[in-house]
Every structure is written in C-alpha cells, then in structure tokens.
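Okay, work.txt is below, compact mmCIF, C-alpha atoms:
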```txt
# COMPACT_ATOMS: atom_id res chain seq x y z
CA MET F 1 0.82 -11.15 1.91
CA VAL F 2 -2.28 -10.96 4.09
CA ASP F 3 -2.21 -11.02 7.88
CA LEU F 4 -4.84 -13.48 9.04
CA PRO F 5 -6.46 -13.24 12.45
CA PRO F 6 -5.34 -15.76 15.08
CA LEU F 7 -7.19 -19.06 15.22
CA ASN F 8 -10.02 -19.21 17.74
CA GLY F 9 -10.38 -22.60 19.36
CA HIS F 10 -10.55 -25.35 16.76
CA LYS F 11 -11.83 -23.18 13.89
CA LYS F 12 -9.64 -23.01 10.81
CA THR F 13 -9.15 -20.07 8.45
CA ILE F 14 -9.57 -20.43 4.70
CA ALA F 15 -8.61 -17.85 2.06
CA PHE F 16 -9.96 -17.66 -1.48
CA ASP F 17 -8.41 -16.07 -4.56
CA MET F 18 -11.41 -14.01 -5.71
CA ASP F 19 -10.17 -12.16 -8.81
CA GLU F 20 -10.91 -14.10 -12.00
CA THR F 21 -11.39 -17.29 -9.96
CA LEU F 22 -14.64 -16.80 -8.06
CA ILE F 23 -15.62 -13.49 -9.66
CA HIS F 24 -15.03 -11.95 -13.08
CA CYS F 25 -14.74 -8.25 -13.87
CA VAL F 26 -16.96 -6.96 -16.67
CA ASP F 27 -15.47 -4.54 -19.21
CA ASP F 28 -18.71 -2.98 -20.51
CA ILE F 29 -21.44 -2.73 -17.85
CA GLY F 30 -23.87 -1.32 -20.41
CA ARG F 31 -23.80 -4.40 -22.62
CA GLN F 32 -22.62 -7.28 -20.45
CA ASN F 33 -25.26 -7.10 -17.66
CA PRO F 34 -23.07 -7.72 -14.57
CA ASP F 35 -24.41 -9.37 -11.39
CA ILE F 36 -23.13 -6.47 -9.26
CA ILE F 37 -22.20 -2.87 -10.09
CA ILE F 38 -19.86 -1.10 -7.66
CA PRO F 39 -19.34 2.68 -7.72
CA ILE F 40 -15.68 3.69 -7.51
CA GLN F 41 -14.44 7.17 -6.54
CA LEU F 42 -10.77 7.58 -7.38
CA ALA F 43 -8.82 10.01 -5.20
CA ASP F 44 -7.57 12.10 -8.12
CA ALA F 45 -10.77 12.09 -10.22
CA ASP F 46 -13.95 14.15 -10.06
CA ASP F 47 -16.17 11.53 -11.68
CA ILE F 48 -17.43 8.33 -10.14
CA GLU F 49 -16.67 5.30 -12.25
CA TYR F 50 -18.37 1.94 -12.06
CA ALA F 51 -17.03 -1.60 -12.01
CA GLY F 52 -19.14 -4.55 -13.05
CA ILE F 53 -18.66 -7.97 -11.50
CA ASN F 54 -20.06 -11.35 -12.43
CA ILE F 55 -20.09 -14.05 -9.78
CA ARG F 56 -19.15 -17.46 -11.13
CA PRO F 57 -21.77 -20.23 -10.98
CA ARG F 58 -22.15 -21.98 -7.61
CA VAL F 59 -19.86 -19.55 -5.74
CA ARG F 60 -22.56 -18.46 -3.30
CA GLU F 61 -23.55 -22.04 -2.54
CA GLY F 62 -19.90 -23.05 -2.14
CA LEU F 63 -19.18 -20.20 0.31
CA ILE F 64 -22.27 -21.04 2.36
CA GLU F 65 -21.14 -24.68 2.59
CA ALA F 66 -17.52 -23.75 3.39
CA ASN F 67 -18.76 -21.43 6.13
CA LYS F 68 -20.05 -24.48 7.99
CA HIS F 69 -16.52 -25.90 8.28
CA PHE F 70 -14.26 -22.83 8.51
```
Go ahead and render the structure in this file as structure tokens.
Amino acid sequence: MVDLPPLNGHKKTIAFDMDETLIHCVDDIGRQNPDIIIPIQLADADDIEYAGINIRPRVREGLIEANKHF
C-alpha cells in the first residue's frame, strides 16, 4: 500500500505499476544492452552490483502525455 499525497485543487493522482509493465529488468547487462544501468550497493555486501533496465516502447511519450492531465 502506498500513501499518496493529498489532492491539490482539481488535479488528480495517477499511479503506474512499473515492474514488468512499463519497464523490464535485464538479467545479463553485458549481453542484453539495457537502456539504463543502475548501480546497487547492498547493505551487507562489499561489492557494487548493477541492475539493467529496459524501458518499454512508448513509455516516455505516454508519461509526458499523462503528465498534462494528472
């Protein structure tokens, strides 16, 4: 459950399910050429690991358009 901020005036709030809907995690960043690579430092690990993410087609355009209405 996510606590959403209160509505301001007449603006509505919209929430998107990102994982595997709008973005897709990449298993092998060396061979699958992800759109974004994010460094991850786990609390109990000395090494920094990396997560690869691909953004589904038209997501950016869709979010820009939705931003006009929400």
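Atom CA of Gln41 of chain F is found 17.8 Å from atom CA of Asp28 of chain F.
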Can you pull out every residue within 8 Å of Asp35 of chain F, counting all atoms listed in the file, but drop anything in the same chain fewer than 6 positions away, and send it as a ChimeraX atom specification? /F:52-55
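The smallest atom-to-atom distance between Leu63 of chain F and any of F:Met18, F:Cys25, F:Ile38, F:Ala45, using all atoms listed in the file, is found for F:Met18.
Residue nearest His24 of chain F, chosen from F:Ile36, F:Tyr50, F:Ile64, F:Arg56 and counting only C-alpha atoms: F:Arg56.
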Mind pulling up the distance from atom CA of Ile23 of chain F to atom CA of Glu49 of chain F? 19.0 Å
Between atom CA of Ala66 of chain F and atom CA of Thr21 of chain F, distance in Å (one decimal): 16.0 Å
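Minimum atom-to-atom distance to Asp3 of chain F, evaluated using only C-alpha atoms, belongs to F:Ala15 out of F:Ala51, F:Ala15, F:Gly30, F:Arg58.
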